[in-house]
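Q: Got a file for you: input06.pdb, PDB, C-alpha atoms, pLDDT in the B column.
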```pdb
ATOM      1  CA  MET A 117     -51.722  26.991  -0.644  1.00 47.00           C
ATOM      2  CA  VAL A 118     -49.007  27.719   1.892  1.00 56.00           C
ATOM      3  CA  ALA A 119     -49.995  30.056   4.716  1.00 60.00           C
ATOM      4  CA  ARG A 120     -47.792  33.153   4.934  1.00 83.00           C
ATOM      5  CA  ARG A 121     -46.314  34.060   8.300  1.00 90.00           C
ATOM      6  CA  PRO A 122     -45.268  37.444   9.651  1.00 94.00           C
ATOM      7  CA  VAL A 123     -41.632  38.516   9.596  1.00 96.00           C
ATOM      8  CA  SER A 124     -40.542  38.645  13.234  1.00 97.00           C
ATOM      9  CA  ILE A 125     -38.004  41.151  14.551  1.00 97.00           C
ATOM     10  CA  LEU A 126     -36.616  41.157  18.090  1.00 96.00           C
ATOM     11  CA  ILE A 127     -34.878  44.353  19.221  1.00 94.00           C
ATOM     12  CA  GLY A 128     -32.627  44.162  22.265  1.00 91.00           C
ATOM     13  CA  ALA A 129     -31.442  47.472  23.680  1.00 87.00           C
ATOM     14  CA  LEU A 130     -30.609  49.240  26.878  1.00 81.00           C
ATOM     15  CA  GLY A 131     -32.927  51.803  28.443  1.00 78.00           C
ATOM     16  CA  GLY A 132     -32.436  55.205  26.878  1.00 76.00           C
ATOM     17  CA  HIS A 133     -30.580  53.874  23.822  1.00 79.00           C
ATOM     18  CA  GLY A 134     -33.422  54.188  21.316  1.00 85.00           C
ATOM     19  CA  GLY A 135     -34.939  50.704  21.143  1.00 89.00           C
ATOM     20  CA  GLY A 136     -38.451  52.115  21.433  1.00 89.00           C
ATOM     21  CA  VAL A 137     -37.766  54.756  18.788  1.00 92.00           C
ATOM     22  CA  LEU A 138     -36.348  52.138  16.396  1.00 94.00           C
ATOM     23  CA  THR A 139     -39.430  49.994  16.981  1.00 95.00           C
ATOM     24  CA  GLU A 140     -41.729  52.916  16.159  1.00 95.00           C
ATOM     25  CA  TRP A 141     -39.744  53.664  12.973  1.00 97.00           C
ATOM     26  CA  ILE A 142     -39.963  50.069  11.761  1.00 97.00           C
ATOM     27  CA  VAL A 143     -43.710  49.815  12.433  1.00 97.00           C
ATOM     28  CA  GLY A 144     -44.284  53.259  10.908  1.00 97.00           C
ATOM     29  CA  ALA A 145     -42.314  52.379   7.768  1.00 97.00           C
ATOM     30  CA  ALA A 146     -44.261  49.141   7.346  1.00 97.00           C
ATOM     31  CA  ALA A 147     -47.596  50.948   7.789  1.00 95.00           C
ATOM     32  CA  HIS A 148     -46.536  53.669   5.349  1.00 97.00           C
ATOM     33  CA  ALA A 149     -45.726  50.980   2.759  1.00 96.00           C
ATOM     34  CA  GLY A 150     -49.116  49.334   3.355  1.00 95.00           C
ATOM     35  CA  TYR A 151     -47.973  46.292   5.324  1.00 95.00           C
ATOM     36  CA  PRO A 152     -49.814  45.305   8.514  1.00 95.00           C
ATOM     37  CA  ALA A 153     -47.481  45.446  11.523  1.00 96.00           C
ATOM     38  CA  GLN A 154     -47.623  45.243  15.298  1.00 96.00           C
ATOM     39  CA  SER A 155     -45.127  45.845  18.080  1.00 96.00           C
ATOM     40  CA  THR A 156     -44.947  45.167  21.764  1.00 94.00           C
ATOM     41  CA  SER A 157     -42.384  45.695  24.475  1.00 88.00           C
ATOM     42  CA  ILE A 158     -41.304  42.834  26.662  1.00 76.00           C
ATOM     43  CA  PRO A 159     -41.104  43.885  30.311  1.00 63.00           C
ATOM     44  CA  GLY A 160     -37.641  44.861  31.453  1.00 64.00           C
ATOM     45  CA  VAL A 161     -35.900  47.597  33.365  1.00 61.00           C
ATOM     46  CA  ALA A 162     -35.941  50.453  30.866  1.00 58.00           C
ATOM     47  CA  GLN A 163     -34.589  53.142  33.144  1.00 59.00           C
ATOM     48  CA  ARG A 164     -30.911  53.895  33.566  1.00 59.00           C
ATOM     49  CA  THR A 165     -29.529  51.539  30.940  1.00 60.00           C
ATOM     50  CA  GLY A 166     -31.428  48.408  32.040  1.00 71.00           C
ATOM     51  CA  ALA A 167     -32.200  45.735  29.431  1.00 81.00           C
ATOM     52  CA  THR A 168     -35.257  46.343  27.234  1.00 86.00           C
ATOM     53  CA  THR A 169     -36.668  44.141  24.503  1.00 90.00           C
ATOM     54  CA  TYR A 170     -39.135  45.007  21.759  1.00 93.00           C
ATOM     55  CA  TYR A 171     -40.902  42.602  19.437  1.00 96.00           C
ATOM     56  CA  VAL A 172     -42.213  43.506  15.973  1.00 97.00           C
ATOM     57  CA  GLU A 173     -44.149  41.447  13.448  1.00 97.00           C
ATOM     58  CA  ILE A 174     -44.746  42.598   9.873  1.00 97.00           C
ATOM     59  CA  PHE A 175     -47.010  40.672   7.541  1.00 95.00           C
ATOM     60  CA  PRO A 176     -45.335  40.298   4.107  1.00 92.00           C
ATOM     61  CA  GLU A 177     -48.519  41.002   2.111  1.00 89.00           C
ATOM     62  CA  ARG A 178     -50.142  44.406   1.812  1.00 88.00           C
ATOM     63  CA  ALA A 179     -53.252  45.157   3.849  1.00 84.00           C
ATOM     64  CA  GLY A 180     -56.480  44.235   2.078  1.00 83.00           C
ATOM     65  CA  SER A 181     -54.955  41.460  -0.028  1.00 78.00           C
ATOM     66  CA  GLY A 182     -56.576  38.721   2.045  1.00 80.00           C
ATOM     67  CA  PRO A 183     -57.783  37.975   5.558  1.00 83.00           C
ATOM     68  CA  GLU A 184     -56.314  40.070   8.363  1.00 86.00           C
ATOM     69  CA  PRO A 185     -53.194  38.475   9.828  1.00 89.00           C
ATOM     70  CA  ILE A 186     -53.019  37.291  13.406  1.00 89.00           C
ATOM     71  CA  PHE A 187     -49.985  38.610  15.266  1.00 93.00           C
ATOM     72  CA  SER A 188     -48.236  37.290  18.351  1.00 91.00           C
ATOM     73  CA  LEU A 189     -47.464  39.465  21.358  1.00 90.00           C
ATOM     74  CA  TYR A 190     -44.364  37.511  22.310  1.00 90.00           C
ATOM     75  CA  PRO A 191     -41.541  35.920  20.302  1.00 91.00           C
ATOM     76  CA  THR A 192     -41.241  32.158  20.121  1.00 91.00           C
ATOM     77  CA  PRO A 193     -37.765  30.762  20.855  1.00 92.00           C
ATOM     78  CA  GLY A 194     -36.053  29.660  17.641  1.00 92.00           C
ATOM     79  CA  ASP A 195     -38.680  31.363  15.489  1.00 93.00           C
ATOM     80  CA  VAL A 196     -37.325  34.930  15.203  1.00 95.00           C
ATOM     81  CA  ASP A 197     -36.256  36.111  11.732  1.00 96.00           C
ATOM     82  CA  VAL A 198     -34.145  39.153  12.690  1.00 96.00           C
ATOM     83  CA  VAL A 199     -32.445  40.162  15.953  1.00 95.00           C
ATOM     84  CA  ILE A 200     -31.269  43.772  16.221  1.00 95.00           C
ATOM     85  CA  ALA A 201     -29.126  44.585  19.256  1.00 92.00           C
ATOM     86  CA  SER A 202     -27.639  47.875  20.408  1.00 87.00           C
ATOM     87  CA  GLU A 203     -24.545  46.075  21.681  1.00 85.00           C
ATOM     88  CA  LEU A 204     -23.044  42.588  21.737  1.00 88.00           C
ATOM     89  CA  LEU A 205     -24.274  41.918  25.279  1.00 86.00           C
ATOM     90  CA  GLU A 206     -27.881  42.373  24.157  1.00 87.00           C
ATOM     91  CA  ALA A 207     -27.284  40.097  21.155  1.00 90.00           C
ATOM     92  CA  GLY A 208     -25.856  37.522  23.570  1.00 90.00           C
ATOM     93  CA  ARG A 209     -28.964  37.729  25.765  1.00 88.00           C
ATOM     94  CA  THR A 210     -31.279  36.939  22.863  1.00 88.00           C
ATOM     95  CA  ILE A 211     -29.073  34.060  21.745  1.00 89.00           C
ATOM     96  CA  GLU A 212     -28.831  32.705  25.309  1.00 91.00           C
ATOM     97  CA  MET A 213     -32.632  32.792  25.579  1.00 91.00           C
ATOM     98  CA  ASP A 214     -32.830  30.688  22.371  1.00 93.00           C
ATOM     99  CA  TYR A 215     -34.692  33.324  20.320  1.00 92.00           C
ATOM    100  CA  ALA A 216     -32.094  33.123  17.546  1.00 91.00           C
ATOM    101  CA  SER A 217     -31.838  30.067  15.337  1.00 91.00           C
ATOM    102  CA  PRO A 218     -28.698  29.279  13.302  1.00 91.00           C
ATOM    103  CA  THR A 219     -30.845  28.312  10.300  1.00 92.00           C
ATOM    104  CA  ARG A 220     -33.396  31.142  10.419  1.00 92.00           C
ATOM    105  CA  THR A 221     -32.179  34.243  12.268  1.00 94.00           C
ATOM    106  CA  THR A 222     -30.106  37.169  11.018  1.00 94.00           C
ATOM    107  CA  VAL A 223     -28.352  38.927  13.923  1.00 94.00           C
ATOM    108  CA  ILE A 224     -27.439  42.612  13.600  1.00 93.00           C
ATOM    109  CA  ALA A 225     -25.431  44.033  16.518  1.00 91.00           C
ATOM    110  CA  SER A 226     -23.102  46.884  17.286  1.00 81.00           C
ATOM    111  CA  THR A 227     -19.534  45.921  18.147  1.00 76.00           C
ATOM    112  CA  ARG A 228     -19.070  48.937  20.418  1.00 68.00           C
ATOM    113  CA  SER A 229     -20.811  49.489  23.718  1.00 59.00           C
ATOM    114  CA  ALA A 230     -23.189  52.420  23.920  1.00 52.00           C
ATOM    115  CA  SER A 231     -21.680  53.556  27.212  1.00 53.00           C
ATOM    116  CA  ALA A 232     -18.221  53.822  25.600  1.00 51.00           C
ATOM    117  CA  ARG A 233     -19.650  55.881  22.744  1.00 49.00           C
ATOM    118  CA  ARG A 234     -21.408  58.151  25.212  1.00 49.00           C
ATOM    119  CA  ALA A 235     -18.257  58.610  27.295  1.00 47.00           C
ATOM    120  CA  GLY A 236     -16.240  59.416  24.169  1.00 48.00           C
ATOM    121  CA  CYS A 237     -18.788  62.019  23.086  1.00 46.00           C
ATOM    122  CA  TRP A 238     -18.731  63.616  26.507  1.00 41.00           C
ATOM    123  CA  ARG A 239     -14.932  63.914  26.494  1.00 42.00           C
ATOM    124  CA  SER A 240     -14.873  65.445  23.017  1.00 41.00           C
ATOM    125  CA  ARG A 241     -17.152  68.289  24.148  1.00 40.00           C
ATOM    126  CA  ARG A 242     -14.798  69.350  26.964  1.00 40.00           C
TER     127      ARG A 242
END
```
If you took the structure in this file and wrote it as structure tokens, what would it be?
A:
Amino acid sequence: MVARRPVSILIGALGGHGGGVLTEWIVGAAAHAGYPAQSTSIPGVAQRTGATTYYVEIFPERAGSGPEPIFSLYPTPGDVDVVIASELLEAGRTIEMDYASPTRTTVIASTRSASARRAGCWRSRR
């Protein structure tokens, strides 16, 4: 029998851009569907658009279908399944730190910077 492993998700964001909210939504959705999940934040400078990183693990079998899974508090380089980044710079950071693997990782990133979007919204309100 092959041991199942959790699905690992690394979220790279900038402070104030919703990385923590996204993390809570993912964990909440997994719990609502009956899948064990855990999240942790990796220390960073979360204030005033500093880099923040969140790590989520979701076990792919519903709770109660076997022994309780053991989750990690920190991602292992090359062993992350999904990277979600609020902008390309954050995606680049996770790749530079070797969290992403060309054979395992799916990278999802915005092609526009959050600060440019914010500036554009501010101008449109004037």
Q: Please write as a ChimeraX atom specification the full residue list that the PyMOL selection byres ((chain A and resi 166-174) around 7) yields on this file.
A: /A:122-131,139,151-158,160-165,175-176,187,190-191
Q: When distances are computed from all atoms listed in the file, which of A:Tyr215, A:Ser202, A:Gly194, A:Ser188 shows the smallest separation from A:Gly132?
A: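 Closest residue, counting all atoms listed in the file: A:Ser202.
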Q: Tell me which of A:Pro193, A:Ile200, A:Ala179, A:His133 sits closest to A:Glu212, counting all atoms listed in the file.
A: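 Nearest to A:Glu212: A:Pro193.
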Q: Show me the residues around (-28.4, 40.7, 14.4) - criterion: an atom at most 8 Å away, only C-alpha atoms counted - as an mmCIF file with C-alpha atoms, keeping the file's coordinate frame.
A:
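Result went into result03.cif, see below:
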```cif
data_model
loop_
_atom_site.group_PDB
_atom_site.id
_atom_site.type_symbol
_atom_site.label_atom_id
_atom_site.label_comp_id
_atom_site.auth_asym_id
_atom_site.auth_seq_id
_atom_site.Cartn_x
_atom_site.Cartn_y
_atom_site.Cartn_z
ATOM 1 C CA VAL A 198 -34.145 39.153 12.690
ATOM 2 C CA VAL A 199 -32.445 40.162 15.953
ATOM 3 C CA ILE A 200 -31.269 43.772 16.221
ATOM 4 C CA ALA A 201 -29.126 44.585 19.256
ATOM 5 C CA ALA A 207 -27.284 40.097 21.155
ATOM 6 C CA THR A 221 -32.179 34.243 12.268
ATOM 7 C CA THR A 222 -30.106 37.169 11.018
ATOM 8 C CA VAL A 223 -28.352 38.927 13.923
ATOM 9 C CA ILE A 224 -27.439 42.612 13.600
ATOM 10 C CA ALA A 225 -25.431 44.033 16.518
#
```
Q: How many Å separate atom CA of A:Glu140 from atom CA of A:Glu206?
A: 19.2 Å
Q: What is the distance between atom CA of A:Ile211 and atom CA of A:Ala145, in Å to one decimal?
A: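 About the pair atom CA of A:Ile211 and atom CA of A:Ala145: they are 26.6 Å apart.
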Q: Hey, can you check how far atom CA of A:Gly136 sits from atom CA of A:Ala149?
A: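 Distance between the two atoms: 20.1 Å.
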Q: For A:Ser181, which residue among A:Gly150, A:Asp214, A:Gly144, A:Arg121 is the nearest when counting only C-alpha atoms?
A: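 Checking each of A:Gly150, A:Asp214, A:Gly144, A:Arg121 against A:Ser181, counting only C-alpha atoms, the winner is A:Gly150.
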